[in-house]
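Scroll down for the structure; my scribbles are underneath it.
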Number of protein chains: 4
Amino acid sequence: MTTDMSADLAIYTRRESEARSYCRSFPTSFVKAQGSELTDASGRTYIDFLAGCSSLNYGHNDPDMKAALIEHLNADGITHGLDMHSGAKADFLTAFEDIVLKPRDMDYKVMMTGPTGTNAVEAAMKLARKITGRRNIIAFTNGFHGMTMGALSCTGNAGKRAGAGGGPLCGTTHMPFEGAFGDGMDSLKIIEEMLSNPSSGVDAPAAFIIEPVQGEGGLNAASPEFMRGIAKLAKDHGALFIVDDIQAGCGRTGTFFSFEEMGIKPDLIPMAKSFSGMGLPFAALLIKPEHDIWGPAEHNGTFRGNTHAFVTARVALEKFWKDDTFQKEIATKAEMLREALEQIADNVPGARLKGRGMMRGVDVGNGDLAGEICARAFEKGLIIETSGAHDEVVKVLAPLTTPEATFAKGLDILKEAARDVTATTKYAAE
Amino acid sequence: MTTDMSADLAIYTRRESEARSYCRSFPTSFVKAQGSELTDASGRTYIDFLAGCSSLNYGHNDPDMKAALIEHLNADGITHGLDMHSGAKADFLTAFEDIVLKPRDMDYKVMMTGPTGTNAVEAAMKLARKITGRRNIIAFTNGFHGMTMGALSCTGNAGKRAGAGGGPLCGTTHMPFEGAFGDGMDSLKIIEEMLSNPSSGVDAPAAFIIEPVQGEGGLNAASPEFMRGIAKLAKDHGALFIVDDIQAGCGRTGTFFSFEEMGIKPDLIPMAKSFSGMGLPFAALLIKPEHDIWGPAEHNGTFRGNTHAFVTARVALEKFWKDDTFQKEIATKAEMLREALEQIADNVPGARLKGRGMMRGVDVGNGDLAGEICARAFEKGLIIETSGAHDEVVKVLAPLTTPEATFAKGLDILKEAARDVTATTKYAAE
Amino acid sequence: MTTDMSADLAIYTRRESEARSYCRSFPTSFVKAQGSELTDASGRTYIDFLAGCSSLNYGHNDPDMKAALIEHLNADGITHGLDMHSGAKADFLTAFEDIVLKPRDMDYKVMMTGPTGTNAVEAAMKLARKITGRRNIIAFTNGFHGMTMGALSCTGNAGKRAGAGGGPLCGTTHMPFEGAFGDGMDSLKIIEEMLSNPSSGVDAPAAFIIEPVQGEGGLNAASPEFMRGIAKLAKDHGALFIVDDIQAGCGRTGTFFSFEEMGIKPDLIPMAKSFSGMGLPFAALLIKPEHDIWGPAEHNGTFRGNTHAFVTARVALEKFWKDDTFQKEIATKAEMLREALEQIADNVPGARLKGRGMMRGVDVGNGDLAGEICARAFEKGLIIETSGAHDEVVKVLAPLTTPEATFAKGLDILKEAARDVTATTKYAAE
Amino acid sequence: MTTDMSADLAIYTRRESEARSYCRSFPTSFVKAQGSELTDASGRTYIDFLAGCSSLNYGHNDPDMKAALIEHLNADGITHGLDMHSGAKADFLTAFEDIVLKPRDMDYKVMMTGPTGTNAVEAAMKLARKITGRRNIIAFTNGFHGMTMGALSCTGNAGKRAGAGGGPLCGTTHMPFEGAFGDGMDSLKIIEEMLSNPSSGVDAPAAFIIEPVQGEGGLNAASPEFMRGIAKLAKDHGALFIVDDIQAGCGRTGTFFSFEEMGIKPDLIPMAKSFSGMGLPFAALLIKPEHDIWGPAEHNGTFRGNTHAFVTARVALEKFWKDDTFQKEIATKAEMLREALEQIADNVPGARLKGRGMMRGVDVGNGDLAGEICARAFEKGLIIETSGAHDEVVKVLAPLTTPEATFAKGLDILKEAARDVTATTKYAAE
């Protein structure tokens with residue numbers, strides 16, 4: 001294995017596309033990862049507050065998942081099986097039924113889409129249109145759903161949309177997320193007015209697609225009232241209700257689904273990121289049985305159903321979700337996180353907390369400041385990134401399994417970094 | 001691990017979406033796979049002539065790749081690293097540069113897209129539109145490029161397109177592939193006429209996207225002349241030339257790239273399927289350096305760059321492509337395949353051979369017959385599928401590493417199956 | 001000339017498309033029209049409060065326009081001249097420059113589009129996209145801009161949009177008109193928030209298109225502040241500002257342009273309806289000189305520039321707009337109208353006045369009631385129609401030239417009709 | 001009336017949009033027109049071989065139409081009546097039924113669309129999509145159907161399409177017109193192959209739209225076999241058959257409808273141009289009764305049904321189409337035309353005749369030559385224009401009523417102009 005870092009950097013410059021991004025924020029080469037920490041080629045260890053953008057909720061290389069995967073490999077278990085039946089898939093589905101669905105009184109079919117969130121979103125959009133015979137899908141300001149043309153048409157970010165190069169991002173309407181226009185404006189009422197006015201120009205929707213907490217859009221957390229309001233609007237207007245739990249799901253907010261205490265039953269639920277447990281590419285679309293009108297292979301894909309991921313995903317469910325121990329641990333750390341962020345916010349004029357559970361951050365008012373805090377944190381051994389339309393939110397997405405001591409240490413680094421940066425004249429004056 | 005097959009089937013019916021497909025053709029549950037063979041829960045072993053739709057060109061669980069992956073796991077190598085630098089990625093890029101690019105005098109940047117072919121295609125479409133400022137992308141009859149909205153707009157299959165439920169499959173023009181209209185009609189001339197006539201209604205193209213051998217569309221193999229013709233048309237009309245080598249690449253036709261002996265230098269090359277070596281989800285877009293105008297993260301994705309796949313992909317390159325031994329073996333087996341298929345074709349009135357290299361099949365004239373042959377083969381222990389607009393082609397996609405004896409045995413089963421089915425009155429009379 | 005009414009009706013049923021509409025509300029056959037009155041085949045005379053949906057602002061068959069047209073015909077003046085130069089066109093342009101543009105300090109080029117409002121709107125949309133290189137056009141709730149695919153994409157009405165049969169009504173975003181969401185919600189702020197948020201999902205606009213008074217959408221009259229606000233938003237965001245004055249222009253609101261006292265200078269102004277003076281098909285797009293980047297015939301059409309209309313349009317300008325006499329008359333009648341409508345509103349619980357100038361109506365709360373009032377008025381000899389998303393507004397669009405006595409008589413009929421209908425139990429109880 | 005030509009030109013430069021076009025080819029100002037001749041402000045008379053692009057098939061200011069229109073005006077007949085019943089409309093419909101439909105055994109409803117061809121085309125497209133529930137409309141190379149977004153999506157011309165400024169010209173597929181790819185390529189077969197291949201990527205069509213003779217596209221005349229072939233394809237594939245007879249209809253090719261001797265019954269027939277008889281803006285869509293599923297006003301428009309045009313259109317039908325006298329005259333002149341064009345073609349290497357009936361021209365091989373011939377003809381007192389994708393066809397569209405002596409004189413001028421221009425070295429050498 002290569003350990004010479006300068007050679008590494010040369011090969012990247014020479015051969016990896018300019019589209020690469022995180023490596024620009026964290027200019028080192030990582031070679032090892034365990035739990036909540038990453039180690040680079042020089043042997044330096046970093047605490048991970050990014051967690052693969054919430055793909056590593058259970059940490060890096062969880063020993064049980066790793067052991068199960070090695071066992072599977074040693075036994076020549078199926079690696080790639082298209083969507084043929086395999087023992088590993090049956091075991092995963094059974095565990096998912098027993099551990100996730102049944103206790104929550106949820107009845108869903110699992111559609112193995114291509115192994116990315118964007119693919120699960122595309123499948124949801126297609127299915128909603130197919131079911132309703134309508135084209136318009138209502139997405140939300142600051143929403144992020146993926147980079148393929150369908151999902152991108154639901155994504156708000158102008159820079160990402162520009163990447164389409166003028167290709168057809170049509171068939172969607174963007175409505176304000178809760179609080180998008182400030183406290184005085186009721187987003188639900190705005191949407192309701194637009195939909196109930198037959199001359200609004202907003203075509204009858206096939207679906208609403210919403211993230212309960214907007215991961216890329218600035219950690220905006222919808223209230224249960226808002227989510228129920230959208231669910232009701234969807235029902236009243238004959239539309240499907242798609243809850244994209246790709247980033248907020250799998251325990252990130254404290255429960256398996258981020259919305260499970262909101263009193264809603266989405267029609268379609270795209271899942272990805274931490275769904276495999278171990279960070280392997282894996283996505284699925286959960287479908288209420290009455291909506292499962294797909295024909296065989298009507299939406300297909302070579303890598304739908306990643307068998308290695310079935311193995312690790314099953315272990316994740318069995319290890320973390322059989323009882324409420326893990327949820328309680330998340331709640332404890334979420335409180336630690338909230339307190340630390342409040343301390344940071346107290347030192348930045350106008351700053352405010354965003355998000356909920358272990359999906360929180362602090363909006364420091366502008367992207368430059370947030371970026372400098374993250375850069376300073378990295379120098380101090382913490383991997384952390386920004387979020388938001390203006391990259392104005394310092395976002396903490398630590399593994400949910402992070403030991404309390406490590407978590408506290410990471411939070412200390414973050415506080416120090418914020419202090420260092422805000423102490424400089426430049427932002428203090430603002 | 002579950003081994004009771006009926007329990008397996010129940011969980012699938014109960015919990016997996018109706019979109020599932022291959023499991024319907026092969027109604028058993030697979031639990032183990034090695035080389036060219038799959039074993040089901042009852043212990044029965046099948047020869048694999050499907051190879052994950054060409055995702056398993058090096059066979060199942062190649063021992064060297066497996067060993068490298070287990071070593072990586074044991075060492076707590078990065079599993080999920082977003083697109084941060086990692087030793088595994090550098091090693092893969094270096095191997096790709098040394099073993100693939102340099103010997104072929106090819107200069108390309110590697111864009112790690114989401115880990116599916118459709119994602120690499122979407123990235124290529126977006127980039128071509130961005131570069132040219134044009135919207136229209138010319139795809140081909142019987143082309144298959146993926147299921148997300150952008151890639152689907154380039155895909156010809158009406159059933160797949162119907163899955164979009166009326167969503168906007170626009171911005172593309174479909175032109176005849178070589179031979180699409182029979183021998184008397186020159187597809188190149190048709191396309192040239194449409195593009196050179198300023199009143200044709202076909203807008204100036206951003207790109208052409210073509211598969212050198214159409215994997216899903218019936219194993220139609222483009223001639224070097226046709227490919228060069230399209231390359232020239234693209235150049236003459238200011239369009240990019242995208243060669244989708246997802247299914248035909250990685251040795252399937254005999255060389256690493258299916259087009260490398262055709263005298264063309266595509267602008268963009270989406271790769272996936274066997275690119276990881278071991279069937280892990282992994283895709284990339286190869287980009288001529290002058291076209292790499294992406295901004296950081298302009299096309300991003302959580303699972304871009306699957307680190308496990310970097311490990312196995314590197315081993316695949318080092319093991320199979322350092323010299324021409326593997327290519328020679330493929331050539332030998334390709335000839336075995338051609339001969340066997342000719343024998344089958346001789347027994348079916350009107351049948352004809354399709355494809356080239358180890359990507360061949362026999363067009364038996366209709367989908368019912370082809371389907372029955374495949375079903376009969378499965379009964380006899382062979383996994384094989386159909387292809388084509390009418391599913392009229394019995395398609396052989398065996399692992400390229402299949403031992404000759406096993407390959408011969410598989411071909412014998414196929415011949416028997418064809419004989420059995422064609423011997424019945426029903427088709428003989430046609 | 002046919003005078004047998006039943007024969008008339010038979011031929012319509014037999015030969016005219018089901019798309020016909022006004023004839024259903026006014027089931028008689030008209031044979032003569034002068035000033036503010038129409039006469040049917042049975043000799044009955046009706047006062048016209050519809051005025052060709054504001055196409056007859058100067059009344060029917062104005063004697064001076066008629067005389068000029070007959071003189072033109074007798075002299076074998078050009079009838080159809082494509083867009084060749086003709087004396088009649090020069091005279092019209094000269095009069096338009098002298099009487100309309102110069103006194104208002106307006107500098108615009110006149111583009112003769114096809115002779116319908118929808119065509120002028122299509123030209124404006126195309127030009128705005130061409131100038132800005134952007135696609136998105138922002139239209140407003142309850143806006144109405146025409147029935148061809150471009151204009152229809154800007155039109156809000158769901159029934160009209162359904163007429164597209166699923167054709168692509170894309171490339172537009174619909175935003176709330178002033179007051180669309182009630183008093184508490186500031187539409188300008190909503191639009192500004194959506195445009196200034198780079199993650200809103202609303203693409204940078206090529207243009208805004210707005211009617212100062214929404215003729216079909218319920219006589220919603222924008223305030224000068226709102227119009228200036230949109231003008232500023234357009235400027236700030238690099239978009240063109242298109243003011244569709246097709247229905248509200250040509251004196252309908254009291255001044256030649258409905259917006260001329262608002263302190264705005266639109267970039268593009270589609271004109272039609274009363275622009276010919278006499279109800280002849282004629283439309284034009286007024287273009288700020290710096291935006292006139294059309295190539296010759298880049299937007300063309302057989303009937304662009306109706307020469308008969310040039311003749312009558314010139315007379316209309318010379319007769320009515322050389323001084324402020326006509327404007328004063330309009331103001332007097334507008335006040336009569338307002339008073340009469342207030343009396344009606346006083347008798348209908350919850351009713352409220354809409355519109356301004358001679359473009360006013362009363363919102364009676366529902367379409368059934370409004371429709372019955374209009375039907376009852378017709379029985380009494382008055383031609384009048386409804387407007388609004390629910391057809392809930394009784395709309396008065398009398399010729400501006402209506403003699404005061406006739407106008408008063410018409411208003412009396414309307415008041416009686418409203419009284420008759422609201423006296424019935426059915427609506428009184430609501 | 002202005003007669004000073006330089007003043008005319010100044011006002012145009014100052015006030016008319018750069019989109020103006022014909023006035024550039026014919027830089028004078030016309031003030032009078034009778035029959036086949038136009039007179040400019042200087043008193044010079046020109047023979048008209050352009051006829052308002054076939055809008056003046058019955059010549060300028062036909063005395064009977066003129067008289068009827070003056071009578072209508074003097075009697076205060078309806079000028080603008082929206083789509084209310086009027087005597088003039090009934091009379092027109094009755095005449096159309098008696099003189100056009102019945103003798104041809106045609107049963108169609110008449111939809112009064114906005115008064116332009118493009119509007120009739122838009123209505124046809126919308127109706128076809130509404131009826132079939134499909135979106136794709138198949139148009140043809142070199143087809144021209146109008147400038148509004150729907151019609152423009154069916155128009156082939158790249159320059160016109162560029163006018164859309166990147167707006168969505170989608171939902172159509174362009175297929176080769178008869179002979180588009182030369183003699184060796186059967187366009188019907190190409191289209192059939194694309195439609196019968198379920199993986200062609202061409203979605204099932206809502207309609208085909210075709211001009212029997214392509215007026216703007218180079219006077220390509222479809223054979224009866226081709227038209228029947230398209231009619232059959234439409235029927236076989238569940239699509240509507242739209243025949244755009246806007247330019248070729250109303251006697252231009254020798255019969256009232258250009259296709260009436262072809263053995264086809266189109267589902268929808270857009271009509272415009274000479275449909276009013278006198279060059280007034282007027283268009284209609286003829287609809288087979290079973291397809292007339294419009295709701296009231298589902299496609300509407302202020303100027304649908306131009307009452308003046310009803311008057312003149314009725315006279316045109318009564319005067320020219322009650323017996324076959326006019327058709328015989330057309331046939332005689334068409335033969336004169338053909339002979340004259342052959343003489344021209346004989347003098348231009350590679351030239352060939354195009355079109356049929358009185359809709360003919362000569363393809364001289366390039367647009368520069370054709371343009372010079374037309375310019376030279378204008379100097380000699382003849383108004384004539386080019387056609388074709390490269391403007392390579394000198395197109396004769398004389399009024400069908402042109403007296404033989406005048407017609408001969410015009411043809412002589414054209415022959416002389418061609419001779420003059422081709423005598424120069426520049427083109428002779430090619």
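So you can find residues: chains in the structure tokens are A, B, ... in the order shown, residues in each start at 1, and ligands are numbered from 1 in order.
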
| message | Using only C-alpha atoms, which protein or nucleic acid residues come within 7 Å of B:Ala272? Drop anything in the same chain fewer than 2 positions from it, and give the result as a ChimeraX atom specification. | response | /B:116-117,246,270,274-275,282-284

| request: Provide as a VMD selection string the residues of chain A at most 6 Å from chain B, counting only C-alpha atoms. | output: chain A and resid 2 8 15 to 23 29 to 33 52 76 to 78 80 82 to 87 90 109 to 111 122 126 129 to 130 135 148 to 150 160 163 to 165 167 279 281 294 to 298 303

Using the selection just defined, write its residues with C-alpha atoms as a JSON list (two decimals), in the first residue's frame.
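The resulting file, again_38.json, is shown below:
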```json
[["chain", "number", "residue", "atom", "x", "y", "z"],
["A", 2, "THR", "CA", 1.28, 3.42, -0.92],
["A", 8, "ASP", "CA", -0.59, 10.29, -3.71],
["A", 15, "ARG", "CA", -5.76, 11.42, -12.89],
["A", 16, "GLU", "CA", -8.80, 12.33, -10.77],
["A", 17, "SER", "CA", -11.41, 14.64, -12.15],
["A", 18, "GLU", "CA", -11.75, 18.21, -11.02],
["A", 19, "ALA", "CA", -15.14, 17.19, -9.64],
["A", 20, "ARG", "CA", -13.37, 15.81, -6.57],
["A", 21, "SER", "CA", -14.18, 17.89, -3.53],
["A", 22, "TYR", "CA", -13.79, 16.66, 0.07],
["A", 23, "CYS", "CA", -10.13, 15.90, -0.57],
["A", 29, "SER", "CA", -4.41, 10.68, 2.40],
["A", 30, "PHE", "CA", -6.29, 8.38, 4.75],
["A", 31, "VAL", "CA", -5.27, 4.79, 5.10],
["A", 32, "LYS", "CA", -7.07, 3.44, 8.15],
["A", 33, "ALA", "CA", -10.31, 4.02, 9.98],
["A", 52, "GLY", "CA", -19.32, 9.95, 5.39],
["A", 76, "ASP", "CA", -17.55, -17.50, -0.90],
["A", 77, "GLY", "CA", -20.91, -15.93, -0.22],
["A", 78, "ILE", "CA", -22.52, -14.21, -3.15],
["A", 80, "HIS", "CA", -22.88, -9.86, -6.96],
["A", 82, "LEU", "CA", -28.18, -9.08, -9.59],
["A", 83, "ASP", "CA", -31.57, -9.34, -7.95],
["A", 84, "MET", "CA", -31.60, -13.07, -7.65],
["A", 85, "HIS", "CA", -32.61, -14.60, -4.35],
["A", 86, "SER", "CA", -29.77, -15.11, -1.97],
["A", 87, "GLY", "CA", -29.57, -16.20, 1.60],
["A", 90, "ALA", "CA", -33.48, -13.10, 2.81],
["A", 109, "LYS", "CA", -42.24, -3.45, 0.50],
["A", 110, "VAL", "CA", -38.50, -3.03, -0.06],
["A", 111, "MET", "CA", -37.37, -2.12, -3.54],
["A", 122, "GLU", "CA", -35.47, 8.49, -8.99],
["A", 126, "LYS", "CA", -41.06, 7.50, -11.36],
["A", 129, "ARG", "CA", -45.84, 9.63, -11.56],
["A", 130, "LYS", "CA", -46.82, 6.18, -12.72],
["A", 135, "ARG", "CA", -46.04, 14.79, -13.70],
["A", 148, "THR", "CA", -29.05, 12.37, -11.60],
["A", 149, "MET", "CA", -31.48, 14.31, -13.73],
["A", 150, "GLY", "CA", -34.67, 13.29, -11.95],
["A", 160, "LYS", "CA", -25.61, 21.61, -8.54],
["A", 163, "GLY", "CA", -24.09, 21.05, -13.50],
["A", 164, "ALA", "CA", -26.96, 19.84, -15.68],
["A", 165, "GLY", "CA", -25.58, 22.12, -18.36],
["A", 167, "GLY", "CA", -30.47, 19.70, -19.55],
["A", 279, "GLY", "CA", -20.72, 2.58, 4.55],
["A", 281, "PRO", "CA", -23.11, 1.44, -1.36],
["A", 294, "TRP", "CA", -43.93, -1.95, -10.64],
["A", 295, "GLY", "CA", -43.65, -4.49, -13.37],
["A", 296, "PRO", "CA", -40.64, -6.84, -13.16],
["A", 297, "ALA", "CA", -37.46, -4.88, -13.95],
["A", 298, "GLU", "CA", -39.43, -1.77, -14.86],
["A", 303, "PHE", "CA", -26.01, -3.21, -8.62]]
```

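Remark: for C:Lys319, the closest of the candidate residues C:Gly277, C:Pro103, C:Gly254, C:Gly249 is C:Gly277 (distances computed over only C-alpha atoms).
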
| task | Could you pull out the residues in stretch 129-169 of chain A that DSSP calls strand (DSSP E or B) from the backbone, as an MDAnalysis selection string? | result | chainID A and resid 136:140

| field | Distance in Å - atom CA of C:Met336 versus atom CA of C:Gly355 | value |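 Computed distance, atom CA of C:Met336 to atom CA of C:Gly355, equals 13.9 Å.
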
| said: Based on the backbone DSSP call, show me all residues of stretch 194-282 of chain C assigned alpha helix (DSSP H), as a list in words. | reply: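 The alpha helix (DSSP H) residues within stretch 194-282 of chain C come out as Met194, Leu195, Ser196, Pro224, Glu225, Phe226, Met227, Arg228, Gly229, Ile230, Ala231, Lys232, Leu233, Ala234, Lys235 and Asp236 of chain C.
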